Amino acid sequence: MEAGGQRRKWECWSIALCFSLLLCFGQQVSAQIRYSIPEELKEGSVVGHIAKDLGFDISTLVKRRFRIVSGSKDALFEVNQNNGVLYVHKTIDREEMCDGNGACLVNLKMVVEDPLEIHYVGVEVTDINDNSPTFTEEEQHFEIAEHTPTGTRFQIQAARDADTIVNNVRSYKLSQNEHFEVETKDRDEEKLPLLVLKKALDRENAAEHKLILTAIDGGNPARSGNLNIIVTVLDVNDNRPVFSQDSYSVAVRENASLGTVLVKLNATDLDEGSNGVVVYAFGRNLKRKVYDLFKLDSVTGEIHIKGELDFEETEVYKLDVQAADKGQPPWIVESVVTIKIIDINDNAPEIEVTSLSSVVSEDSKPGTVISLISISDKDSGISGKIVPSVSDNVPFELKPSVQENIYSLVTKGKLDRELVSHYDITITVTDLGQPPLSSFKSLSVQVSDVNDNRPEFSKDPLELYLVENNAAGANIMSVSAFDKDVNENAIITYYIIRGDAAQNDITTFLSINSETGVIYALNSFDFEGIKKFKFQVLAKDSGSPPLSSNVTVNVFILDQNDNVPVILYPVSANGSVEGVEEIPRNVNAGHLVNKVKAYDADIGYNGWLLFSLQEVSDHSLFGLDRYTGQIRTLRSFTETDEAQHKLIILVKDNGNVSLSATATVIVKVVEPKEAFAASNVKNTVKDEEENNVTFYLIITLGLVSVLFVISIIVLVVMQCSKSTDYSSKYLQDTNYDGTLCHSIQYRSGDKRYMLVGPRMSIGSTIVPGSNGNTLVIPDRRRRGSGEVRIAD
């Protein structure tokens, strides 16, 4: 019950202290809060309402990941994220955790995120009286000469109490006797008992005295421990050994080798014989650690190094030494040897990394915190001063915190995942000792992608050469764009940019696969209806927000031989391709009988017409010009020649697969007078027919001329406005024989493609695989990088 009351008092005291600290430091954002608790508290005991003391909203603690990130030894404390209470996670034994009488402080580092905040909390563990005073030995023997003067003092081994000064040994009590009493002296906050002779001894009266020494601590209630003291009364040895100096002091480096002599004690005794022989020994009140580190030669008085010294563990050792003679009883005198350990730089700095995130977005602002870095060095002085640094050529730096040797690793510049997507960061800490020692820690940081790159096409514009009469629904080309981003930011969707459907937008006849970029023609194109057009394709990524870019596609339609030659003359009144010609019998060789006129809507070779006699009654009488379609006599008529001849004329174009038409001309041979009369009548009819034909020819030639002038103007404009890498020219012409034809030229890079009629320019060459109507015209202009695609 007393222990429970004591514990409740400590809890009340700690709560009061917490409120005081809250009032003092509650207005500071990152100020250190300090709590105080007694040792041996049960697990789950409340230390303090830390979230409330720090001013946090308790409902946001779980979301902000309120937690302890370092400083808790063996997880002595835990924080409850639901209510912000700091509680004891493991029963604390102050004597086991902290050595000495100083404050036993546990430093905790508390972190919350969104935004990141760091708070430092100190928990002081106070002592309770849970340890009784103890002696290293159960009994102590003294040999005292019988004539020893009263008032002589003898050192008794001191009792040890693991508690702090408040609960440590306060007094000694000696059992009731008439010869001795106990006194105490203070040394380094420690009370040492002395056995004082208050009445002279008489060996003949009592040769031995048995006493009980009781050590009492300052706790409430007090605890005690006992030591049996046995005093043997000896005969006289009247001279004590004397040390050469009252105390000894020596300094030694912590890396001194084993066996090194630190100091040599020197004590003399004026007695002779065994009463004057001095031997040395350590005092009884030394800690066990001293015996592990130092060795005292009992004969020579030399103190040697026995174990490894460590400045970081203990800086100063005070050794009680004794010099005793061999008299009966022996005289014992004491002295103190102070050994100061000199620190050397034998501890490398230590690095503790608390990673908040291993992934950082490439659009993170400079100053974004990546990790928390804690550094420490066990050495002292200049050897314990630490200089941190981060590897070169990385956009990160270390920023100091409010607490010494605490740093934040933050971004110091803009990040670009497309340039560098991964960083291996090396943190180096070096102390200022001689020679300096260093430690390293490596961190791996991944840069995550944001949608900051538009899709890109390999070139703009694109060119497509498409042969007319393409299959409806077939793909005609594909477009492809590249996005430097990754994942969904690099998934591209393709669209055709549509115009106004009401204005006959050509894109209504096109379709595109949004995923692959393959473009399909929904109908078949006719060169005679449209020769070129252009449209735009939009590439859009799947980022948020999405980014896009477009490319222009220029489409040129290539002619195919898909039009049959049309016979313009002869055409009879009933619409049949047949005519009758009457010539006098007396005409000479070379006489022009008639001329077959025809037209082909195709261009180039596909529209270049050739004439041939498919059937004739007499090959020796009539001849046909292959190119003009003129029918002439080859010789004069004789009396034996027939009066009527039938000529079947074949008109065909020059396409790979030729198309043709036939016309029938019936030639009647008449006497000159009949021919003259008939010619008047026929000329009247013929003039009327020819006037109609001429009218249509004039209209056709007029339209061709207008198109030719427009083509020349377009050619000049395109030549001035476009680069030399690619161009398109359109030329139209007619032959001089009555046969209408067209020509058109395309340019791509250093080549020109011409589709021509019968009048080819000198130096033109036929391109293999061009369907027989494509010429390559030499071009002296600089070779470009334009790329042409011809779709079949």
# chains A, B, ... in the order shown; residues from 1 in each chain; ligands from 1
$ residues_around --residues "range 232-241 of chain A" --least-positions-apart "3" --cutoff "7 Å" --atoms "only C-alpha atoms" --output "PyMOL selection string"
chain A and resi 142-147+203+207-209+267-271+275+278+323-325+327-333
$ write_last_selection --atoms "N, CA, C and O atoms" --output "short mmCIF file (atom, residue, chain, number, x, y, z; two decimals), in the first residue's frame"
data_model
loop_
_atom_site.label_atom_id
_atom_site.label_comp_id
_atom_site.auth_asym_id
_atom_site.auth_seq_id
_atom_site.Cartn_x
_atom_site.Cartn_y
_atom_site.Cartn_z
N PHE A 142 39.69 -6.71 10.92
CA PHE A 142 40.70 -5.70 11.29
C PHE A 142 41.64 -6.32 12.32
O PHE A 142 41.21 -7.05 13.21
N GLU A 143 42.90 -6.05 12.14
CA GLU A 143 43.91 -6.43 13.13
C GLU A 143 44.50 -5.14 13.72
O GLU A 143 45.18 -4.38 13.01
N ILE A 144 44.23 -4.95 14.98
CA ILE A 144 44.59 -3.68 15.64
C ILE A 144 45.49 -3.99 16.85
O ILE A 144 45.18 -4.85 17.69
N ALA A 145 46.61 -3.27 16.82
CA ALA A 145 47.55 -3.46 17.95
C ALA A 145 46.94 -2.95 19.25
O ALA A 145 46.17 -1.99 19.26
N GLU A 146 47.33 -3.56 20.24
CA GLU A 146 46.68 -3.25 21.53
C GLU A 146 47.00 -1.87 22.07
O GLU A 146 46.22 -1.30 22.83
N HIS A 147 48.11 -1.29 21.68
CA HIS A 147 48.44 0.04 22.20
C HIS A 147 48.04 1.16 21.22
O HIS A 147 48.48 2.29 21.35
N ARG A 203 44.48 -6.73 24.82
CA ARG A 203 44.41 -8.06 24.25
C ARG A 203 44.19 -9.11 25.33
O ARG A 203 43.51 -10.11 25.10
N ALA A 207 40.72 -10.58 23.08
CA ALA A 207 41.57 -10.68 21.88
C ALA A 207 40.78 -10.46 20.57
O ALA A 207 41.38 -10.26 19.52
N GLU A 208 39.48 -10.48 20.68
CA GLU A 208 38.67 -10.32 19.46
C GLU A 208 37.37 -9.63 19.79
O GLU A 208 36.74 -9.90 20.83
N HIS A 209 36.94 -8.72 18.88
CA HIS A 209 35.67 -8.00 19.04
C HIS A 209 34.82 -8.21 17.79
O HIS A 209 35.30 -8.06 16.67
N ALA A 267 56.43 3.75 -0.86
CA ALA A 267 56.14 3.96 0.57
C ALA A 267 57.28 3.35 1.39
O ALA A 267 57.84 2.31 1.01
N THR A 268 57.66 4.01 2.50
CA THR A 268 58.76 3.53 3.35
C THR A 268 58.26 3.31 4.77
O THR A 268 57.30 3.96 5.21
N ASP A 269 58.95 2.36 5.49
CA ASP A 269 58.61 2.07 6.89
C ASP A 269 59.92 2.03 7.68
O ASP A 269 60.86 1.34 7.29
N LEU A 270 60.01 2.80 8.78
CA LEU A 270 61.24 2.90 9.55
C LEU A 270 61.53 1.66 10.39
O LEU A 270 62.63 1.51 10.92
N ASP A 271 60.54 0.79 10.50
CA ASP A 271 60.79 -0.43 11.27
C ASP A 271 61.77 -1.32 10.54
O ASP A 271 62.02 -1.17 9.33
N ASN A 275 58.51 -5.98 10.02
CA ASN A 275 57.69 -4.80 10.31
C ASN A 275 58.03 -3.62 9.39
O ASN A 275 57.26 -2.67 9.31
N VAL A 278 57.30 -3.36 3.12
CA VAL A 278 56.03 -2.76 2.67
C VAL A 278 55.49 -3.54 1.47
O VAL A 278 56.24 -3.85 0.53
N ALA A 323 49.39 0.83 1.43
CA ALA A 323 50.75 0.33 1.69
C ALA A 323 50.74 -0.22 3.12
O ALA A 323 50.37 0.48 4.06
N ALA A 324 51.11 -1.48 3.26
CA ALA A 324 51.06 -2.15 4.58
C ALA A 324 52.41 -2.80 4.87
O ALA A 324 53.04 -3.36 3.95
N ASP A 325 52.83 -2.71 6.12
CA ASP A 325 54.06 -3.43 6.49
C ASP A 325 53.69 -4.85 6.90
O ASP A 325 52.52 -5.21 6.95
N GLY A 327 54.52 -6.18 9.78
CA GLY A 327 54.58 -6.32 11.24
C GLY A 327 53.33 -7.00 11.76
O GLY A 327 52.36 -7.21 11.06
N GLN A 328 53.38 -7.32 13.01
CA GLN A 328 52.27 -7.97 13.70
C GLN A 328 51.87 -7.11 14.89
O GLN A 328 52.62 -7.07 15.90
N PRO A 329 50.80 -6.41 14.75
CA PRO A 329 49.91 -6.27 13.60
C PRO A 329 50.51 -5.30 12.56
O PRO A 329 51.32 -4.46 12.92
N PRO A 330 50.13 -5.43 11.26
CA PRO A 330 50.69 -4.54 10.24
C PRO A 330 50.04 -3.15 10.30
O PRO A 330 48.89 -3.00 10.71
N TRP A 331 50.88 -2.17 9.86
CA TRP A 331 50.36 -0.81 9.71
C TRP A 331 49.92 -0.62 8.25
O TRP A 331 50.63 -0.99 7.32
N ILE A 332 48.77 -0.04 8.06
CA ILE A 332 48.24 0.19 6.71
C ILE A 332 47.97 1.68 6.53
O ILE A 332 47.31 2.31 7.38
N VAL A 333 48.53 2.22 5.44
CA VAL A 333 48.25 3.61 5.08
C VAL A 333 47.65 3.64 3.68
O VAL A 333 47.86 2.72 2.88
#
$ residues_around --residues "Val106 in chain A" --least-positions-apart "3" --cutoff "12 Å" --atoms "only C-alpha atoms" --output "ChimeraX atom specification"
/A:33-37,70-77,92,94,97-98,103,109,120-126
$ write_last_selection --atoms "N, CA, C and O atoms" --output "CSV table (one decimal), in the first residue's frame"
chain,number,residue,atom,x,y,z
A,33,ILE,N,9.3,19.3,-25.3
A,33,ILE,CA,8.4,19.0,-24.1
A,33,ILE,C,9.1,18.0,-23.3
A,33,ILE,O,9.7,17.0,-23.8
A,34,ARG,N,9.0,18.2,-21.9
A,34,ARG,CA,9.7,17.2,-21.1
A,34,ARG,C,8.7,16.7,-20.0
A,34,ARG,O,8.0,17.5,-19.4
A,35,TYR,N,8.7,15.4,-19.8
A,35,TYR,CA,7.9,14.8,-18.8
A,35,TYR,C,8.8,14.1,-17.8
A,35,TYR,O,9.9,13.8,-18.1
A,36,SER,N,8.2,13.9,-16.7
A,36,SER,CA,8.9,13.2,-15.6
A,36,SER,C,8.1,12.1,-15.0
A,36,SER,O,6.9,12.3,-14.7
A,37,ILE,N,8.7,10.8,-15.0
A,37,ILE,CA,7.9,9.7,-14.4
A,37,ILE,C,8.9,9.0,-13.5
A,37,ILE,O,10.1,9.0,-13.7
A,70,SER,N,12.4,7.8,-33.5
A,70,SER,CA,13.7,7.4,-33.0
A,70,SER,C,13.8,7.9,-31.6
A,70,SER,O,13.0,8.7,-31.1
A,71,GLY,N,14.8,7.4,-30.9
A,71,GLY,CA,15.1,7.9,-29.6
A,71,GLY,C,14.6,7.0,-28.5
A,71,GLY,O,15.1,7.0,-27.3
A,72,SER,N,13.7,6.1,-28.7
A,72,SER,CA,13.1,5.2,-27.7
A,72,SER,C,14.0,4.0,-27.6
A,72,SER,O,14.1,3.2,-28.5
A,73,LYS,N,14.6,3.8,-26.5
A,73,LYS,CA,15.5,2.6,-26.3
A,73,LYS,C,14.6,1.4,-26.0
A,73,LYS,O,13.9,1.3,-25.1
A,74,ASP,N,14.8,0.4,-26.9
A,74,ASP,CA,14.1,-0.8,-26.8
A,74,ASP,C,12.6,-0.6,-26.7
A,74,ASP,O,11.9,-1.3,-26.0
A,75,ALA,N,12.1,0.5,-27.4
A,75,ALA,CA,10.7,0.8,-27.4
A,75,ALA,C,10.1,0.9,-26.0
A,75,ALA,O,9.1,0.2,-25.7
A,76,LEU,N,10.7,1.7,-25.2
A,76,LEU,CA,10.2,1.9,-23.8
A,76,LEU,C,8.9,2.6,-23.8
A,76,LEU,O,8.1,2.4,-22.9
A,77,PHE,N,8.7,3.4,-24.8
A,77,PHE,CA,7.4,4.2,-24.8
A,77,PHE,C,6.7,4.0,-26.2
A,77,PHE,O,7.4,3.8,-27.2
A,92,ILE,N,10.4,0.2,-16.7
A,92,ILE,CA,11.7,0.8,-16.7
A,92,ILE,C,12.4,0.6,-15.4
A,92,ILE,O,11.9,1.0,-14.3
A,94,ARG,N,15.5,2.2,-13.7
A,94,ARG,CA,16.4,3.3,-13.9
A,94,ARG,C,17.8,2.9,-13.7
A,94,ARG,O,18.7,3.3,-14.4
A,97,MET,N,19.1,1.2,-16.7
A,97,MET,CA,19.1,2.0,-17.9
A,97,MET,C,20.2,3.2,-17.8
A,97,MET,O,20.9,3.5,-18.8
A,98,CYS,N,20.3,3.8,-16.7
A,98,CYS,CA,21.1,4.9,-16.5
A,98,CYS,C,22.1,4.7,-15.3
A,98,CYS,O,21.8,4.1,-14.3
A,103,ALA,N,20.6,13.2,-14.2
A,103,ALA,CA,19.3,13.0,-14.7
A,103,ALA,C,19.3,11.9,-15.7
A,103,ALA,O,20.1,11.8,-16.6
A,109,LYS,N,11.8,11.4,-30.5
A,109,LYS,CA,11.6,12.3,-31.7
A,109,LYS,C,10.2,11.9,-32.3
A,109,LYS,O,10.0,10.8,-32.8
A,120,TYR,N,10.5,17.3,-30.4
A,120,TYR,CA,11.4,16.5,-29.5
A,120,TYR,C,10.8,16.5,-28.1
A,120,TYR,O,10.5,17.5,-27.5
A,121,VAL,N,10.7,15.3,-27.6
A,121,VAL,CA,10.1,15.1,-26.2
A,121,VAL,C,11.1,14.4,-25.4
A,121,VAL,O,11.7,13.4,-25.8
A,122,GLY,N,11.3,14.9,-24.2
A,122,GLY,CA,12.2,14.3,-23.2
A,122,GLY,C,11.4,13.7,-22.0
A,122,GLY,O,10.5,14.4,-21.5
A,123,VAL,N,11.7,12.5,-21.7
A,123,VAL,CA,11.1,11.8,-20.6
A,123,VAL,C,12.1,11.5,-19.5
A,123,VAL,O,13.1,10.7,-19.8
A,124,GLU,N,12.0,12.2,-18.4
A,124,GLU,CA,13.0,11.9,-17.3
A,124,GLU,C,12.5,10.8,-16.4
A,124,GLU,O,11.3,10.9,-15.9
A,125,VAL,N,13.3,9.8,-16.2
A,125,VAL,CA,12.9,8.7,-15.3
A,125,VAL,C,13.5,9.0,-13.9
A,125,VAL,O,14.8,9.1,-13.8
A,126,THR,N,12.7,9.2,-12.9
A,126,THR,CA,13.2,9.6,-11.6
A,126,THR,C,13.3,8.3,-10.7
A,126,THR,O,12.7,7.3,-11.0
$ closest_residue --among "A:Asn654, A:Asn470, A:Ser59, A:Asn129" --to "Leu522 in chain A" --atoms "only C-alpha atoms"
A:Asn470
$ closest_atom_pairs --of "range 62-136 of chain A" --to "range 357-372 of chain A" --cutoff "12 Å" --atoms "only C-alpha atoms" --output "CSV"
residue,atom,partner,partner_atom,distance
A:Val69,CA,A:Leu372,CA,9.7
A:Ser70,CA,A:Leu372,CA,10.4
A:Lys109,CA,A:Leu372,CA,10.8
A:Met110,CA,A:Leu372,CA,11.9
A:Val111,CA,A:Leu372,CA,10.2
A:Glu113,CA,A:Val369,CA,10.7
A:Asp114,CA,A:Val369,CA,11.3
A:Pro115,CA,A:Val369,CA,10.3
A:Leu116,CA,A:Val369,CA,8.2
A:Glu117,CA,A:Val369,CA,10.7
A:Ile118,CA,A:Leu372,CA,9.8
$ closest_residue --among "A:Asn107, A:Asn205, A:Ser401, A:Ser421" --to "Ser448 in chain A" --atoms "only C-alpha atoms"
A:Ser421
$ residues_around --residues "Ile58 in chain A" --least-positions-apart "4" --cutoff "10 Å" --atoms "only C-alpha atoms" --output "ChimeraX atom specification"
/A:51-52,62,66,81-85
$ residues_around --residues "range 582-596 of chain A" --least-positions-apart "4" --cutoff "7 Å" --atoms "only C-alpha atoms" --output "list of chain:residue names"
A:Tyr569, A:Pro570, A:Gly629, A:Gln630, A:Ile631, A:Arg632, A:Thr633, A:Leu634, A:Arg635, A:Ser636, A:Phe637, A:Val667, A:Lys668, A:Val669, A:Val670, A:Glu671, A:Pro672, A:Ala675
$ write_last_selection --atoms "all heavy atoms" --output "CSV table (one decimal), in the first residue's frame"
chain,number,residue,atom,x,y,z
A,569,TYR,N,-15.4,11.8,-133.1
A,569,TYR,CA,-15.8,11.8,-134.5
A,569,TYR,C,-15.2,10.5,-135.2
A,569,TYR,O,-14.0,10.2,-134.8
A,569,TYR,CB,-15.3,13.0,-135.2
A,569,TYR,CG,-15.7,13.1,-136.7
A,569,TYR,CD1,-17.0,13.5,-137.1
A,569,TYR,CD2,-14.8,12.6,-137.7
A,569,TYR,CE1,-17.3,13.5,-138.4
A,569,TYR,CE2,-15.2,12.6,-139.0
A,569,TYR,CZ,-16.4,13.1,-139.4
A,569,TYR,OH,-16.8,13.1,-140.7
A,570,PRO,N,-15.8,9.7,-135.9
A,570,PRO,CA,-17.2,10.0,-136.4
A,570,PRO,C,-18.3,9.5,-135.5
A,570,PRO,O,-18.1,8.5,-134.9
A,570,PRO,CB,-17.2,9.3,-137.8
A,570,PRO,CG,-16.3,8.1,-137.5
A,570,PRO,CD,-15.2,8.6,-136.6
A,629,GLY,N,-4.6,10.1,-136.0
A,629,GLY,CA,-5.9,9.5,-136.4
A,629,GLY,C,-6.4,9.9,-137.8
A,629,GLY,O,-7.5,9.7,-138.2
A,630,GLN,N,-5.4,10.5,-138.6
A,630,GLN,CA,-5.8,10.9,-140.0
A,630,GLN,C,-5.8,9.7,-140.9
A,630,GLN,O,-4.8,8.9,-140.9
A,630,GLN,CB,-4.8,12.0,-140.5
A,630,GLN,CG,-4.9,13.3,-139.7
A,630,GLN,CD,-3.9,14.3,-140.2
A,630,GLN,OE1,-3.0,14.0,-141.0
A,630,GLN,NE2,-4.0,15.5,-139.8
A,631,ILE,N,-6.8,9.6,-141.8
A,631,ILE,CA,-6.9,8.6,-142.8
A,631,ILE,C,-6.6,9.2,-144.1
A,631,ILE,O,-7.2,10.2,-144.6
A,631,ILE,CB,-8.3,8.0,-142.8
A,631,ILE,CG1,-8.7,7.5,-141.4
A,631,ILE,CG2,-8.4,6.9,-143.9
A,631,ILE,CD1,-10.2,7.0,-141.3
A,632,ARG,N,-5.5,8.7,-144.8
A,632,ARG,CA,-5.1,9.2,-146.1
A,632,ARG,C,-5.0,8.0,-147.1
A,632,ARG,O,-4.8,6.9,-146.7
A,632,ARG,CB,-3.8,9.9,-146.0
A,632,ARG,CG,-3.8,11.2,-145.2
A,632,ARG,CD,-2.4,11.8,-145.1
A,632,ARG,NE,-2.5,13.0,-144.2
A,632,ARG,CZ,-2.8,14.2,-144.7
A,632,ARG,NH1,-3.1,14.4,-146.0
A,632,ARG,NH2,-2.8,15.3,-143.9
A,633,THR,N,-5.1,8.4,-148.4
A,633,THR,CA,-4.9,7.4,-149.4
A,633,THR,C,-3.5,7.2,-149.6
A,633,THR,O,-2.6,8.1,-149.5
A,633,THR,CB,-5.6,7.9,-150.7
A,633,THR,OG1,-4.9,9.2,-151.1
A,633,THR,CG2,-7.1,8.2,-150.6
A,634,LEU,N,-3.2,5.9,-149.9
A,634,LEU,CA,-1.8,5.5,-150.1
A,634,LEU,C,-1.4,5.5,-151.6
A,634,LEU,O,-0.2,5.6,-151.9
A,634,LEU,CB,-1.6,4.1,-149.5
A,634,LEU,CG,-1.8,4.0,-148.0
A,634,LEU,CD1,-1.6,2.5,-147.6
A,634,LEU,CD2,-0.8,4.9,-147.3
A,635,ARG,N,-2.4,5.5,-152.5
A,635,ARG,CA,-2.2,5.5,-153.9
A,635,ARG,C,-3.4,6.0,-154.6
A,635,ARG,O,-4.5,6.2,-154.0
A,635,ARG,CB,-1.8,4.1,-154.4
A,635,ARG,CG,-2.9,3.1,-154.2
A,635,ARG,CD,-2.5,1.8,-154.8
A,635,ARG,NE,-3.5,0.7,-154.5
A,635,ARG,CZ,-4.6,0.6,-155.2
A,635,ARG,NH1,-4.9,1.4,-156.2
A,635,ARG,NH2,-5.4,-0.4,-154.8
A,636,SER,N,-3.3,6.2,-155.9
A,636,SER,CA,-4.5,6.6,-156.7
A,636,SER,C,-5.4,5.4,-157.0
A,636,SER,O,-4.9,4.3,-156.9
A,636,SER,CB,-4.0,7.2,-158.0
A,636,SER,OG,-3.2,8.3,-157.8
A,637,PHE,N,-6.7,5.7,-157.1
A,637,PHE,CA,-7.6,4.6,-157.4
A,637,PHE,C,-7.5,4.2,-158.9
A,637,PHE,O,-7.1,5.0,-159.8
A,637,PHE,CB,-9.0,5.1,-157.1
A,637,PHE,CG,-9.3,5.3,-155.7
A,637,PHE,CD1,-9.2,6.5,-155.1
A,637,PHE,CD2,-9.7,4.2,-154.9
A,637,PHE,CE1,-9.5,6.7,-153.8
A,637,PHE,CE2,-10.0,4.4,-153.6
A,637,PHE,CZ,-9.9,5.6,-153.0
A,667,VAL,N,-15.8,4.4,-146.7
A,667,VAL,CA,-15.4,5.3,-147.7
A,667,VAL,C,-16.0,4.9,-149.1
A,667,VAL,O,-15.9,3.7,-149.5
A,667,VAL,CB,-13.8,5.3,-147.9
A,667,VAL,CG1,-13.4,6.2,-149.0
A,667,VAL,CG2,-13.2,5.6,-146.5
A,668,LYS,N,-16.7,5.8,-149.7
A,668,LYS,CA,-17.4,5.5,-151.0
A,668,LYS,C,-16.6,6.3,-152.1
A,668,LYS,O,-16.3,7.5,-152.0
A,668,LYS,CB,-18.8,6.0,-151.0
A,668,LYS,CG,-19.7,5.2,-150.1
A,668,LYS,CD,-21.2,5.6,-150.2
A,668,LYS,CE,-22.1,4.7,-149.4
A,668,LYS,NZ,-23.5,5.2,-149.5
A,669,VAL,N,-16.2,5.6,-153.1
A,669,VAL,CA,-15.4,6.2,-154.2
A,669,VAL,C,-16.5,6.5,-155.3
A,669,VAL,O,-17.2,5.7,-155.8
A,669,VAL,CB,-14.4,5.2,-154.8
A,669,VAL,CG1,-13.6,5.9,-155.9
A,669,VAL,CG2,-13.4,4.8,-153.6
A,670,VAL,N,-16.5,7.8,-155.7
A,670,VAL,CA,-17.5,8.3,-156.7
A,670,VAL,C,-16.8,9.0,-157.8
A,670,VAL,O,-15.6,9.4,-157.7
A,670,VAL,CB,-18.6,9.2,-156.1
A,670,VAL,CG1,-19.3,8.5,-155.0
A,670,VAL,CG2,-17.9,10.4,-155.4
A,671,GLU,N,-17.5,9.2,-158.8
A,671,GLU,CA,-17.0,10.0,-160.0
A,671,GLU,C,-16.8,11.5,-159.5
A,671,GLU,O,-17.5,11.9,-158.7
A,671,GLU,CB,-17.9,9.9,-161.2
A,671,GLU,CG,-18.0,8.5,-161.7
A,671,GLU,CD,-16.7,7.9,-162.1
A,671,GLU,OE1,-15.8,8.7,-162.7
A,671,GLU,OE2,-16.4,6.7,-161.9
A,672,PRO,N,-16.0,12.2,-160.2
A,672,PRO,CA,-15.7,13.5,-159.7
A,672,PRO,C,-16.9,14.4,-159.6
A,672,PRO,O,-17.1,15.2,-158.7
A,672,PRO,CB,-14.7,14.0,-160.7
A,672,PRO,CG,-14.0,12.8,-161.2
A,672,PRO,CD,-15.0,11.7,-161.2
A,675,ALA,N,-19.1,13.4,-156.8
A,675,ALA,CA,-18.4,13.8,-155.6
A,675,ALA,C,-18.6,15.2,-155.3
A,675,ALA,O,-18.7,15.6,-154.1
A,675,ALA,CB,-17.0,13.4,-155.7
$ select_by_dssp --residues "range 575-636 of chain A" --states "strand (DSSP E)" --output "ChimeraX atom specification"
/A:578-584,592-595,597-599,610-616,622-624,630-633
